[in-house]
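So this block is my_file.cif, mmCIF, C-alpha atoms and all ligand atoms:
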```
data_target
loop_
_atom_site.label_atom_id
_atom_site.label_comp_id
_atom_site.auth_asym_id
_atom_site.auth_seq_id
_atom_site.Cartn_x
_atom_site.Cartn_y
_atom_site.Cartn_z
CA ILE K 1 -15.69 -2.36 3.45
CA PRO K 2 -17.05 -1.60 6.90
CA PRO K 3 -15.26 0.81 9.19
CA LEU K 4 -14.10 -0.76 12.46
CA ALA K 5 -15.44 0.90 15.59
CA PRO K 6 -12.83 1.33 18.30
CA SER K 7 -13.56 0.78 21.94
CA GLU K 8 -14.23 3.93 23.91
CA ILE K 9 -11.01 5.61 24.91
CA ASP K 10 -9.34 3.40 27.52
CA PRO K 11 -8.58 4.95 30.90
CA ASP K 12 -4.94 5.18 29.83
CA GLY K 13 -5.84 7.22 26.75
CA PHE K 14 -5.69 4.57 24.01
CA ARG K 15 -8.34 3.80 21.44
CA SER K 16 -8.32 0.02 21.06
CA PHE K 17 -9.18 -1.95 17.95
CA ALA K 18 -9.65 -5.73 17.82
CA LEU K 19 -8.49 -7.56 14.69
CA ASN K 20 -9.00 -11.32 14.44
CA LEU K 21 -7.12 -13.18 11.71
CA GLN K 22 -9.24 -16.20 10.92
CA PRO K 23 -10.04 -18.82 8.29
CA GLY K 24 -12.90 -17.87 5.95
CA LYS K 25 -14.76 -19.85 3.31
CA ASN K 26 -13.57 -21.58 0.14
CA GLY K 27 -9.89 -21.19 0.86
CA THR K 28 -10.00 -17.54 1.95
CA TRP K 29 -8.70 -16.01 5.16
CA GLY K 30 -10.01 -12.78 6.60
CA ILE K 31 -9.75 -10.25 9.39
CA ASN K 32 -12.93 -10.17 11.50
CA GLY K 33 -14.66 -11.87 8.55
CA ASP K 34 -14.16 -14.33 5.70
CA HIS K 35 -12.02 -12.18 3.41
CA LEU K 36 -10.11 -8.88 3.74
CA GLY K 37 -10.50 -6.75 6.86
CA PRO K 38 -12.37 -3.71 8.14
CA THR K 39 -11.10 -0.15 7.70
CA VAL K 40 -9.36 1.27 10.76
CA ARG K 41 -9.30 5.04 11.15
CA ALA K 42 -7.46 7.36 13.52
CA LYS K 43 -6.59 11.03 13.76
CA ARG K 44 -3.10 12.38 13.94
CA GLY K 45 -2.14 12.66 17.59
CA GLU K 46 -4.35 9.82 18.79
CA ARG K 47 -2.96 6.85 20.66
CA VAL K 48 -4.03 3.49 19.28
CA ARG K 49 -3.73 -0.04 20.61
CA MET K 50 -4.37 -2.99 18.30
CA ALA K 51 -5.37 -6.39 19.70
CA VAL K 52 -4.35 -8.75 16.90
CA THR K 53 -5.45 -12.34 17.51
CA ASN K 54 -4.19 -15.18 15.34
CA ARG K 55 -6.98 -17.75 14.85
CA LEU K 56 -5.17 -19.31 11.88
CA PRO K 57 -3.55 -22.74 11.95
CA GLU K 58 -0.05 -21.27 11.52
CA PRO K 59 2.07 -18.36 12.79
CA THR K 60 1.69 -15.01 11.06
CA THR K 61 2.29 -11.30 11.72
CA LEU K 62 0.43 -8.07 10.98
CA HIS K 63 2.48 -5.21 9.53
CA TRP K 64 1.28 -1.58 9.43
CA HIS K 65 2.44 -0.63 5.93
CA GLY K 66 3.03 3.13 5.75
CA MET K 67 2.83 3.72 9.50
CA ARG K 68 5.68 5.43 11.35
CA LEU K 69 6.09 3.65 14.64
CA PRO K 70 8.66 1.94 16.84
CA ALA K 71 10.22 -1.15 15.24
CA ARG K 72 8.78 -3.46 17.93
CA MET K 73 5.27 -2.39 16.86
CA ASP K 74 5.92 -2.67 13.10
CA GLY K 75 4.60 -6.22 12.64
CA GLY K 76 7.44 -7.39 10.42
CA PRO K 77 8.85 -10.92 10.41
CA HIS K 78 10.28 -10.54 13.93
CA GLN K 79 6.88 -9.92 15.56
CA SER K 80 5.46 -13.39 14.97
CA ILE K 81 2.04 -14.22 16.45
CA GLU K 82 1.59 -17.91 17.27
CA PRO K 83 -1.78 -19.60 16.64
CA GLY K 84 -4.11 -18.69 19.47
CA ALA K 85 -1.99 -15.77 20.63
CA THR K 86 -2.87 -12.06 20.73
CA TRP K 87 -0.31 -9.36 19.95
CA THR K 88 -1.06 -5.84 21.22
CA PRO K 89 1.16 -3.19 19.67
CA GLN K 90 0.40 0.42 20.60
CA TRP K 91 1.66 3.72 19.34
CA THR K 92 0.84 7.40 18.87
CA VAL K 93 -0.29 8.19 15.33
CA ASP K 94 1.98 11.04 14.35
CA GLN K 95 2.12 11.60 10.62
CA PRO K 96 0.16 13.47 7.95
CA ALA K 97 -3.20 12.29 6.62
CA ALA K 98 -2.70 9.19 4.47
CA THR K 99 -4.18 5.94 3.21
CA THR K 100 -2.09 3.23 4.84
CA TRP K 101 -2.81 -0.49 5.10
CA PHE K 102 -2.02 -3.61 7.04
CA HIS K 103 -1.12 -7.14 5.97
CA PRO K 104 0.84 -10.17 7.27
CA HIS K 105 4.62 -10.28 6.90
CA PRO K 106 5.72 -13.76 8.07
CA HIS K 107 9.14 -14.66 6.72
CA GLY K 108 8.66 -16.64 3.49
CA GLN K 109 4.85 -16.82 3.75
CA THR K 110 3.69 -13.30 2.97
CA ALA K 111 2.50 -14.09 -0.58
CA THR K 112 0.14 -16.84 0.55
CA HIS K 113 -1.20 -14.97 3.57
CA VAL K 114 -1.97 -11.77 1.67
CA TYR K 115 -3.38 -13.67 -1.30
CA ARG K 116 -5.79 -15.61 0.91
CA GLY K 117 -7.29 -12.27 1.92
CA LEU K 118 -5.45 -10.85 4.91
CA ALA K 119 -5.32 -7.11 4.20
CA GLY K 120 -7.13 -3.98 5.33
CA LEU K 121 -6.94 -0.20 5.25
CA PHE K 122 -5.79 2.14 8.02
CA LEU K 123 -6.81 5.71 7.20
CA ILE K 124 -5.08 8.55 8.98
CA ASP K 125 -7.00 11.81 9.27
CA GLU K 126 -5.57 15.17 10.06
CA PRO K 127 -7.95 17.79 11.43
CA GLY K 128 -8.05 20.96 9.34
CA GLY K 129 -7.21 19.24 6.05
CA PRO K 130 -8.31 20.38 2.57
CA ALA K 131 -11.99 20.21 1.50
CA LEU K 132 -11.76 16.88 -0.35
CA PRO K 133 -14.69 14.47 -0.61
CA SER K 134 -14.58 12.64 2.72
CA ASP K 135 -17.90 10.91 3.35
CA TYR K 136 -16.60 7.34 3.71
CA GLY K 137 -18.39 4.93 1.38
CA ALA K 138 -20.42 7.71 -0.29
CA ASP K 139 -18.00 10.13 -2.00
CA ASP K 140 -14.77 8.80 -0.43
CA ILE K 141 -14.49 5.23 -1.57
CA PRO K 142 -11.63 2.80 -0.93
CA LEU K 143 -10.79 0.43 -3.80
CA ILE K 144 -8.59 -2.53 -2.86
CA VAL K 145 -7.48 -4.06 -6.16
CA GLN K 146 -6.41 -7.72 -6.23
CA ASP K 147 -6.12 -10.42 -8.88
CA LYS K 148 -7.16 -13.95 -8.00
CA ILE K 149 -7.40 -17.40 -9.54
CA LEU K 150 -10.70 -19.11 -8.83
CA ALA K 151 -11.85 -22.62 -9.70
CA ASP K 152 -15.23 -24.09 -8.79
CA GLY K 153 -15.87 -21.11 -6.52
CA ARG K 154 -12.69 -21.70 -4.51
CA LEU K 155 -9.55 -19.65 -4.23
CA VAL K 156 -6.63 -21.43 -5.95
CA THR K 157 -3.52 -20.81 -3.87
CA GLY K 158 -0.87 -23.04 -5.43
CA PRO K 159 0.49 -20.60 -8.06
CA VAL K 160 1.66 -17.94 -5.57
CA ASP K 161 5.11 -19.37 -6.19
CA ASN K 162 4.93 -19.68 -9.97
CA GLY K 163 7.36 -18.38 -12.55
CA THR K 164 9.37 -15.18 -12.37
CA PHE K 165 6.72 -13.04 -10.72
CA GLY K 166 4.52 -15.42 -8.79
CA LEU K 167 0.76 -15.38 -8.98
CA LEU K 168 -0.87 -13.45 -11.81
CA GLY K 169 -4.62 -13.96 -11.47
CA ASP K 170 -7.21 -13.60 -14.23
CA THR K 171 -10.11 -12.60 -11.95
CA ILE K 172 -9.95 -9.07 -10.61
CA MET K 173 -11.60 -8.32 -7.31
CA ILE K 174 -12.30 -4.86 -5.93
CA ASN K 175 -12.85 -4.91 -2.18
CA GLY K 176 -13.23 -8.68 -2.46
CA THR K 177 -16.03 -8.43 -5.04
CA ILE K 178 -16.12 -9.87 -8.56
CA ASP K 179 -17.73 -7.69 -11.29
CA PRO K 180 -18.16 -4.79 -8.88
CA TYR K 181 -20.15 -1.63 -9.44
CA VAL K 182 -20.72 1.42 -7.30
CA GLU K 183 -23.52 3.97 -7.41
CA VAL K 184 -22.37 7.52 -6.85
CA THR K 185 -24.57 10.45 -5.89
CA THR K 186 -22.20 13.44 -6.00
CA THR K 187 -20.58 15.28 -8.90
CA GLN K 188 -17.10 14.42 -7.62
CA VAL K 189 -15.91 11.25 -5.97
CA ARG K 190 -12.62 10.42 -4.31
CA PHE K 191 -11.27 6.91 -4.81
CA ARG K 192 -8.49 5.63 -2.59
CA LEU K 193 -6.72 2.99 -4.69
CA LEU K 194 -4.65 0.30 -3.01
CA ASN K 195 -2.87 -2.32 -5.07
CA ALA K 196 -2.96 -5.29 -2.69
CA SER K 197 -2.13 -7.80 -5.43
CA ASN K 198 0.75 -10.22 -5.09
CA THR K 199 2.62 -8.99 -8.14
CA ARG K 200 0.37 -7.42 -10.76
CA VAL K 201 0.91 -3.81 -11.79
CA TYR K 202 -2.07 -1.80 -13.05
CA ARG K 203 -2.35 1.30 -15.24
CA ILE K 204 -5.60 2.70 -13.98
CA GLY K 205 -7.92 5.18 -15.67
CA PHE K 206 -11.39 5.37 -17.15
CA ALA K 207 -12.48 3.57 -20.32
CA ASP K 208 -13.30 6.91 -21.97
CA ASN K 209 -9.87 8.25 -20.93
CA ARG K 210 -11.40 11.19 -19.08
CA THR K 211 -9.09 13.34 -17.03
CA PHE K 212 -9.21 13.00 -13.26
CA HIS K 213 -7.07 14.52 -10.50
CA VAL K 214 -4.53 12.73 -8.36
CA VAL K 215 -4.64 14.16 -4.85
CA GLY K 216 -2.52 11.73 -2.85
CA GLY K 217 0.20 9.10 -2.92
CA ASP K 218 1.32 6.36 -0.54
CA ALA K 219 2.18 8.42 2.49
CA GLY K 220 0.05 11.53 2.16
CA LEU K 221 -1.56 14.21 0.06
CA LEU K 222 0.13 16.01 -2.82
CA ARG K 223 0.84 19.74 -2.65
CA GLU K 224 -1.77 20.36 -5.36
CA PRO K 225 -4.10 18.23 -7.52
CA VAL K 226 -2.36 16.73 -10.57
CA PRO K 227 -4.45 16.06 -13.70
CA ALA K 228 -3.93 12.59 -15.20
CA ASP K 229 -5.73 10.07 -17.34
CA ARG K 230 -3.70 6.97 -16.34
CA VAL K 231 -1.75 6.16 -13.20
CA LYS K 232 0.49 3.18 -12.68
CA ILE K 233 0.25 1.41 -9.34
CA SER K 234 2.40 -1.52 -8.25
CA PRO K 235 1.85 -3.84 -5.28
CA GLY K 236 1.80 -2.00 -1.96
CA GLU K 237 1.30 1.47 -3.50
CA ARG K 238 -1.69 3.74 -2.87
CA ILE K 239 -2.99 6.54 -5.09
CA GLU K 240 -5.90 8.82 -4.25
CA ILE K 241 -7.84 10.32 -7.15
CA VAL K 242 -10.88 12.59 -7.49
CA ALA K 243 -13.05 12.06 -10.58
CA ALA K 244 -16.05 14.04 -11.84
CA PHE K 245 -19.27 12.43 -13.10
CA ASP K 246 -22.34 13.55 -15.05
CA PRO K 247 -25.85 12.61 -13.92
CA GLY K 248 -27.06 9.25 -15.22
CA GLU K 249 -23.83 8.12 -16.85
CA THR K 250 -22.04 4.81 -16.42
CA VAL K 251 -18.25 4.84 -16.67
CA VAL K 252 -15.83 1.96 -16.33
CA LEU K 253 -12.62 2.20 -14.33
CA ASN K 254 -10.10 -0.08 -16.00
CA SER K 255 -6.46 -1.01 -16.37
CA ILE K 256 -4.69 -0.93 -19.71
CA GLY K 257 -1.34 -2.70 -19.99
CA GLU K 258 1.55 -0.80 -21.49
CA ASN K 259 4.23 -3.37 -22.23
CA ARG K 260 2.31 -5.94 -24.14
CA ARG K 261 5.22 -7.69 -25.77
CA ASP K 262 7.46 -7.46 -22.76
CA ALA K 263 7.19 -10.51 -20.57
CA ASN K 264 9.49 -8.77 -18.10
CA ASP K 265 6.76 -6.56 -16.68
CA PRO K 266 3.76 -8.03 -14.86
CA GLU K 267 1.25 -5.60 -16.37
CA GLU K 268 0.60 -6.83 -19.87
CA ASP K 269 -3.12 -7.54 -19.59
CA ASP K 270 -6.20 -5.30 -19.76
CA PHE K 271 -8.88 -5.50 -17.10
CA GLU K 272 -12.20 -3.89 -16.27
CA LEU K 273 -11.98 -2.93 -12.59
CA LEU K 274 -15.19 -1.17 -11.55
CA LYS K 275 -18.41 0.14 -13.05
CA VAL K 276 -19.31 3.57 -11.72
CA VAL K 277 -23.03 4.32 -12.08
CA ALA K 278 -23.95 7.96 -11.50
CA ALA K 279 -27.42 8.68 -10.10
CA ALA K 280 -29.94 10.56 -12.29
CA SER K 281 -29.34 13.65 -10.23
CA LEU K 282 -26.08 14.37 -8.43
CA LYS K 283 -25.39 16.52 -5.38
CA PRO K 284 -22.86 19.22 -6.28
CA SER K 285 -19.46 18.64 -4.63
CA LYS K 286 -17.25 21.44 -3.40
CA PRO K 287 -14.76 22.54 -6.07
CA LEU K 288 -11.43 20.74 -5.81
CA PRO K 289 -9.09 22.87 -3.67
CA GLN K 290 -6.12 24.42 -5.47
CA ALA K 291 -3.78 23.59 -2.60
CA LEU K 292 -3.96 20.28 -0.75
CA GLY K 293 -1.47 21.04 2.00
CA GLY K 294 0.50 17.82 1.54
CA PRO K 295 3.95 17.49 3.14
CA ALA K 296 6.87 19.37 1.59
CA PRO K 297 9.22 17.19 -0.47
CA VAL K 298 12.20 15.63 1.32
CA ILE K 299 15.30 17.55 0.24
CA PRO K 300 18.62 15.88 0.97
CA PRO K 301 21.12 18.17 2.69
CA PRO K 302 24.48 18.79 1.01
CA GLY K 303 26.73 15.81 1.58
CA ALA K 304 23.79 13.53 2.45
CA ARG K 305 24.84 9.92 2.86
CA VAL K 306 24.20 7.83 -0.26
CA ARG K 307 23.40 4.12 0.03
CA ARG K 308 23.18 1.93 -3.04
CA PHE K 309 20.95 -1.11 -3.48
CA ALA K 310 21.33 -3.33 -6.56
CA LEU K 311 18.31 -5.50 -7.29
CA SER K 312 18.97 -8.75 -9.09
CA GLY K 313 16.77 -11.81 -9.63
CA SER K 314 15.95 -12.40 -5.98
CA GLU K 315 18.70 -10.62 -4.10
CA ILE K 316 19.57 -7.14 -2.89
CA ASN K 317 23.26 -6.26 -3.15
CA GLY K 318 23.96 -9.91 -3.90
CA ARG K 319 22.50 -11.19 -0.66
CA ASP K 320 19.36 -13.00 0.44
CA MET K 321 17.38 -11.88 3.48
CA ASP K 322 18.89 -13.10 6.74
CA MET K 323 16.74 -12.58 9.85
CA ASN K 324 19.93 -12.47 11.93
CA ARG K 325 21.87 -9.90 9.89
CA ILE K 326 21.44 -6.13 10.15
CA ASP K 327 22.23 -4.71 6.72
CA GLU K 328 22.10 -0.98 7.41
CA VAL K 329 22.44 1.16 10.53
CA ILE K 330 20.77 4.57 10.21
CA PRO K 331 21.13 7.54 12.56
CA ALA K 332 17.79 8.74 13.98
CA GLY K 333 16.23 11.52 11.93
CA ALA K 334 18.73 11.12 9.07
CA VAL K 335 17.90 12.32 5.55
CA GLU K 336 19.72 10.11 3.05
CA ILE K 337 19.78 9.37 -0.66
CA TRP K 338 18.97 5.78 -1.52
CA GLU K 339 19.87 4.72 -5.05
CA ILE K 340 18.06 1.64 -6.26
CA ASP K 341 19.52 0.03 -9.35
CA ASN K 342 17.43 -2.68 -10.97
CA THR K 343 19.73 -4.99 -12.94
CA THR K 344 16.95 -7.38 -14.04
CA TYR K 345 13.20 -7.64 -14.74
CA ALA K 346 10.59 -5.53 -12.96
CA HIS K 347 10.66 -5.09 -9.19
CA ASN K 348 9.51 -2.51 -6.74
CA PHE K 349 11.08 -1.21 -3.55
CA HIS K 350 9.36 -0.54 -0.24
CA ILE K 351 10.92 0.90 2.91
CA HIS K 352 9.24 0.47 6.28
CA GLU K 353 8.84 3.40 8.69
CA VAL K 354 9.72 6.21 6.29
CA ALA K 355 8.28 8.56 3.73
CA PHE K 356 10.48 9.41 0.77
CA THR K 357 10.48 11.70 -2.22
CA ILE K 358 11.40 10.23 -5.60
CA LEU K 359 14.25 12.40 -6.91
CA ASP K 360 14.47 10.76 -10.31
CA ILE K 361 13.66 7.66 -12.32
CA ASN K 362 16.28 6.82 -14.96
CA GLY K 363 17.70 10.30 -14.43
CA GLU K 364 14.39 12.07 -15.14
CA PRO K 365 12.04 13.67 -12.61
CA PRO K 366 9.12 11.32 -11.84
CA PRO K 367 5.65 12.01 -13.25
CA ALA K 368 3.98 14.77 -11.20
CA TYR K 369 1.48 12.36 -9.66
CA LEU K 370 4.38 10.53 -7.97
CA ALA K 371 5.84 13.73 -6.51
CA GLY K 372 4.13 13.35 -3.12
CA PRO K 373 5.30 11.38 -0.08
CA LYS K 374 5.91 7.74 -0.98
CA ASP K 375 6.91 4.49 0.71
CA THR K 376 6.98 2.18 -2.32
CA VAL K 377 8.34 2.79 -5.82
CA PHE K 378 8.03 0.72 -9.01
CA LEU K 379 11.13 -0.11 -11.09
CA ARG K 380 10.64 -1.39 -14.59
CA LYS K 381 13.21 -3.69 -16.10
CA HIS K 382 16.70 -2.15 -15.76
CA ALA K 383 15.36 1.07 -14.21
CA ASP K 384 17.18 3.01 -11.55
CA VAL K 385 15.68 5.45 -9.07
CA ARG K 386 17.03 7.85 -6.49
CA LEU K 387 15.04 8.48 -3.35
CA ALA K 388 15.38 11.20 -0.71
CA VAL K 389 14.49 9.33 2.47
CA ARG K 390 13.70 10.85 5.84
CA PHE K 391 14.07 8.37 8.70
CA GLY K 392 12.21 8.54 11.97
CA ARG K 393 13.34 8.97 15.54
CA HIS K 394 12.13 5.76 17.16
CA THR K 395 15.49 4.25 18.02
CA ASP K 396 16.01 0.55 18.75
CA PRO K 397 19.41 -0.97 17.98
CA ALA K 398 18.08 -4.51 18.47
CA THR K 399 14.90 -4.53 16.36
CA PRO K 400 15.11 -4.00 12.60
CA TYR K 401 12.74 -2.55 10.06
CA MET K 402 12.60 -4.04 6.55
CA TYR K 403 13.20 -2.79 3.03
CA HIS K 404 12.22 -5.12 0.22
CA CYS K 405 10.66 -5.81 -3.14
CA HIS K 406 6.87 -5.78 -2.66
CA LEU K 407 6.27 -8.31 -5.44
CA LEU K 408 5.43 -10.87 -2.81
CA ARG K 409 7.10 -13.87 -4.37
CA HIS K 410 10.35 -11.92 -4.54
CA GLU K 411 9.97 -10.78 -0.95
CA ASP K 412 9.37 -14.37 0.17
CA LYS K 413 12.40 -15.59 -1.81
CA GLY K 414 14.64 -13.30 0.20
CA MET K 415 14.66 -10.01 -1.70
CA MET K 416 14.65 -8.10 1.57
CA GLY K 417 17.09 -6.42 3.92
CA GLN K 418 16.99 -5.08 7.47
CA PHE K 419 17.89 -1.71 8.95
CA VAL K 420 17.95 -0.37 12.48
CA ILE K 421 17.59 3.24 13.61
CA VAL K 422 20.00 4.19 16.37
CU1 LIG K 501 3.65 -3.91 2.76
CU2 LIG K 501 7.24 -4.90 4.30
O1 LIG K 501 5.40 -4.44 3.54
CU CU K 502 5.71 -1.86 5.00
CU CU K 503 10.99 -8.06 -7.20
#
```
Write the structure described by the file as C-alpha cells, please.
Amino acid sequence: IPPLAPSEIDPDGFRSFALNLQPGKNGTWGINGDHLGPTVRAKRGERVRMAVTNRLPEPTTLHWHGMRLPARMDGGPHQSIEPGATWTPQWTVDQPAATTWFHPHPHGQTATHVYRGLAGLFLIDEPGGPALPSDYGADDIPLIVQDKILADGRLVTGPVDNGTFGLLGDTIMINGTIDPYVEVTTTQVRFRLLNASNTRVYRIGFADNRTFHVVGGDAGLLREPVPADRVKISPGERIEIVAAFDPGETVVLNSIGENRRDANDPEEDDFELLKVVAAASLKPSKPLPQALGGPAPVIPPPGARVRRFALSGSEINGRDMDMNRIDEVIPAGAVEIWEIDNTTYAHNFHIHEVAFTILDINGEPPPAYLAGPKDTVFLRKHADVRLAVRFGRHTDPATPYMYHCHLLRHEDKGMMGQFVIV
C-alpha cells in the first residue's frame, strides 16, 4: 500500500492530501486507484487538510475513524459529499501515535461502500516514541484484512445485506491481494492489523502458534509489550504486533475460529491470511523495548456519570438511528462510564472522537492485549462491557458524532446513535 505524499506545507501551515473516491475495475471502488486507498501519515502537532473528491455516481462521505477532531470534520453521515464535489476538512493532529483509518459513512450505505474497497490507513507518528520497527513496508507492515465474495473475477456486492450479520466472504484479501505473501529481511517485524471487513471477526496468530508481542491497540500504543499467541479483532479494530522470525523460514499468519458450533458469532471459519517468507539472512532488529510509553489508562473519577446502552437486534436502547435526534449530550472533556449490554447475538461498539479504556468484559478485566487505548470493542452474544471514556474538547452543539455497531449491516440498519459535545 503506497504512502501518499502530501503537498509541501501550504503558506497557511497545512499539509494537504488529495483523496479521490472513484470507480475501479470489476465492481471495485478505490481511493486514488481501483481498490483501497493510500496510507496517509502525519505527526502529532501537524495541521492537515484533506481534499476529498467524490468521483462516484452517488453521494458518500469519508470518516476519519480513530481521529480526534471537530465534529464538522469527522466525515460522518452529516458531512455528505455529492458526486463531483470536493470536501476539504482540516484539523490539527493532536493525539498519541496510532494506526487510524478512513472509510465512507453514508447513512444506510456504509456496508456497500466499504465493501467495494473504500478504506485506507492514516498513521499518526509521535516524535520521540519507542524503538519499534518503523521502516514502512519493510519491517513495519500494514495488513488490511477483508473478506470478499468473488465470481468470474468480479466483486459480488449483493450479499452485503444478507442474514443476521450481512456479508461473510469466503475469499480473504490482505491489502487487496488474494493469496498474499511478504518477504521479510529483519529478525523482528511489526504488523499493523486492521479489520476492515464488513462483519467478520478474526482470531489471528501464526499457524505454528508461536508467541508474538502486542504493542498497540486501536488508539495508541500499550504501556508495555504483551505476549500473545492469538488476538481477536472485530470490524473497525486495529492491533499492532511484533513477531520474530528465523532466517529462511516460512510461517503462515492465519485465523482460527473459536465458536464453531455457535452461529451467533461471525467468526466460525478458519482462514490462511498471509505467508511470511524470511530471507536466508536477516538483519538483526533492536530488542523490543520494555516500555512503550502508551497513554495511561482512562480512570473514571468518583461519581463519574454512567450511561447505559442496550444492544438488541438492530437497535440501541430500543431505538433506530435518527439523523435528526441527538441521543446524548456530553460536557466537553468529560470522563464517563459507558455500560454496553448486549442482549442478543454478537455486535461491537464504536465511539467516534474518543479513546476509551475497557474496564471489564462480563465483569472480568479484559485480556492484557486490550488494555490500551481503544475506540471499538467486540461483544460476543449476551456480553456486557464497561468502558471508561474520555471525551474531547471540540464543542459543537449542532453537529453530532456517532456511536454504533461496526458490523456494517447493523450500522446501516440503524444500530447507531448521535452525541454532541457542548
Ligand atoms: Cu469506522 Cu462510525 O466508523
Ligand atoms: Cu469512527
Ligand atoms: Cu451489531
Open item on the list: Which residues are near Tyr403 (chain K)? Cut-off 7 Å, only C-alpha atoms, ignore same chain within fewer than 4 positions. Put them as a list of chain:residue names.
Closed with: K:His350, K:Ile351, K:His352, K:Met416, K:Gly417, K:Gln418
- [ ] May I ask you to write as a ChimeraX atom specification all residues lying at most 9 Å from ligand CU 502 (chain K), with all atoms listed in the file counted?
- [x] /K:63-67,74-76,101-103,105,236,350-353,375-376,401-404,406
TODO: Pull the neighbourhood of (-9.7, 22.0, -5.8) for me: all residues within 10 Å in file coordinates, counting all atoms listed in the file, as an MDAnalysis selection string.
DONE: chainID K and resid 130:132 213 215 224:225 242 286:292
- [ ] Tell me which of K:Gly120, K:Pro6, K:Gly163, K:Pro96 sits closest to Pro38 (chain K), counting only C-alpha atoms.
- [x] K:Gly120
Kindly provide the residues of chain K that approach ligand CU 503 (chain K) to within 7 Å, each paired with its closest atom pair and their distance in Å to one decimal, based on all atoms listed in the file, listed by chain and increasing number, as a Markdown table.
```
| residue | atom | partner | partner_atom | distance |
| --- | --- | --- | --- | --- |
| K:Ser314 | CA | K:CU503 | CU | 6.7 |
| K:Ala346 | CA | K:CU503 | CU | 6.3 |
| K:His347 | CA | K:CU503 | CU | 3.6 |
| K:Asn348 | CA | K:CU503 | CU | 5.8 |
| K:Cys405 | CA | K:CU503 | CU | 4.7 |
| K:His406 | CA | K:CU503 | CU | 6.5 |
| K:Leu407 | CA | K:CU503 | CU | 5.0 |
| K:His410 | CA | K:CU503 | CU | 4.7 |
| K:Glu411 | CA | K:CU503 | CU | 6.9 |
| K:Met415 | CA | K:CU503 | CU | 6.9 |
```
Open item on the list: I'd like the neighbourhood of Ala98 (chain K) as an NGL selection string, where a residue qualifies if any of its atoms comes within 12 Å (using only C-alpha atoms), though same-chain residues fewer than 4 positions away should be ignored.
Closed with: :K and (41-44 or 65-68 or 93-94 or 121-126 or 129 or 192-194 or 215-222 or 237-240 or 294-295 or 355 or 372-375)
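Of the listed residues K:Leu4, K:Ala119, K:Val252, K:Leu282, the one whose atoms come nearest to ligand LIG 501 (chain K) is K:Ala119, with distances taken using all atoms listed in the file.
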Task: Between CA of Val377 (chain K) and CA of Gly158 (chain K), distance in Å (one decimal) - done: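 Between CA of Val377 (chain K) and CA of Gly158 (chain K) the gap works out to 27.4 Å.
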Task: Exercise: Asn317 (chain K) partners within 12 Å, only C-alpha atoms, chain neighbours under 4 positions left out, as number ranges by chain - done: K: 307-313, 321, 327-328, 339-343, 404, 414-417
Dump of C-alpha atoms for the selected residues, as a PDB file, in the frame of the given file:
```
ATOM      1  CA  ARG K 307      23.400   4.120   0.030  1.00  0.00           C
ATOM      2  CA  ARG K 308      23.180   1.930  -3.040  1.00  0.00           C
ATOM      3  CA  PHE K 309      20.950  -1.110  -3.480  1.00  0.00           C
ATOM      4  CA  ALA K 310      21.330  -3.330  -6.560  1.00  0.00           C
ATOM      5  CA  LEU K 311      18.310  -5.500  -7.290  1.00  0.00           C
ATOM      6  CA  SER K 312      18.970  -8.750  -9.090  1.00  0.00           C
ATOM      7  CA  GLY K 313      16.770 -11.810  -9.630  1.00  0.00           C
ATOM      8  CA  MET K 321      17.380 -11.880   3.480  1.00  0.00           C
ATOM      9  CA  ASP K 327      22.230  -4.710   6.720  1.00  0.00           C
ATOM     10  CA  GLU K 328      22.100  -0.980   7.410  1.00  0.00           C
ATOM     11  CA  GLU K 339      19.870   4.720  -5.050  1.00  0.00           C
ATOM     12  CA  ILE K 340      18.060   1.640  -6.260  1.00  0.00           C
ATOM     13  CA  ASP K 341      19.520   0.030  -9.350  1.00  0.00           C
ATOM     14  CA  ASN K 342      17.430  -2.680 -10.970  1.00  0.00           C
ATOM     15  CA  THR K 343      19.730  -4.990 -12.940  1.00  0.00           C
ATOM     16  CA  HIS K 404      12.220  -5.120   0.220  1.00  0.00           C
ATOM     17  CA  GLY K 414      14.640 -13.300   0.200  1.00  0.00           C
ATOM     18  CA  MET K 415      14.660 -10.010  -1.700  1.00  0.00           C
ATOM     19  CA  MET K 416      14.650  -8.100   1.570  1.00  0.00           C
ATOM     20  CA  GLY K 417      17.090  -6.420   3.920  1.00  0.00           C
TER      21      GLY K 417
END
```
Open item on the list: Taking 2 positions as the minimum chain separation for residues in the same chain, which residues sit within 7 Å of region 363-370 of chain K when counting all atoms listed in the file? Answer as a PyMOL selection string.
Closed with: chain K and resi 214+217+226+358-361+372
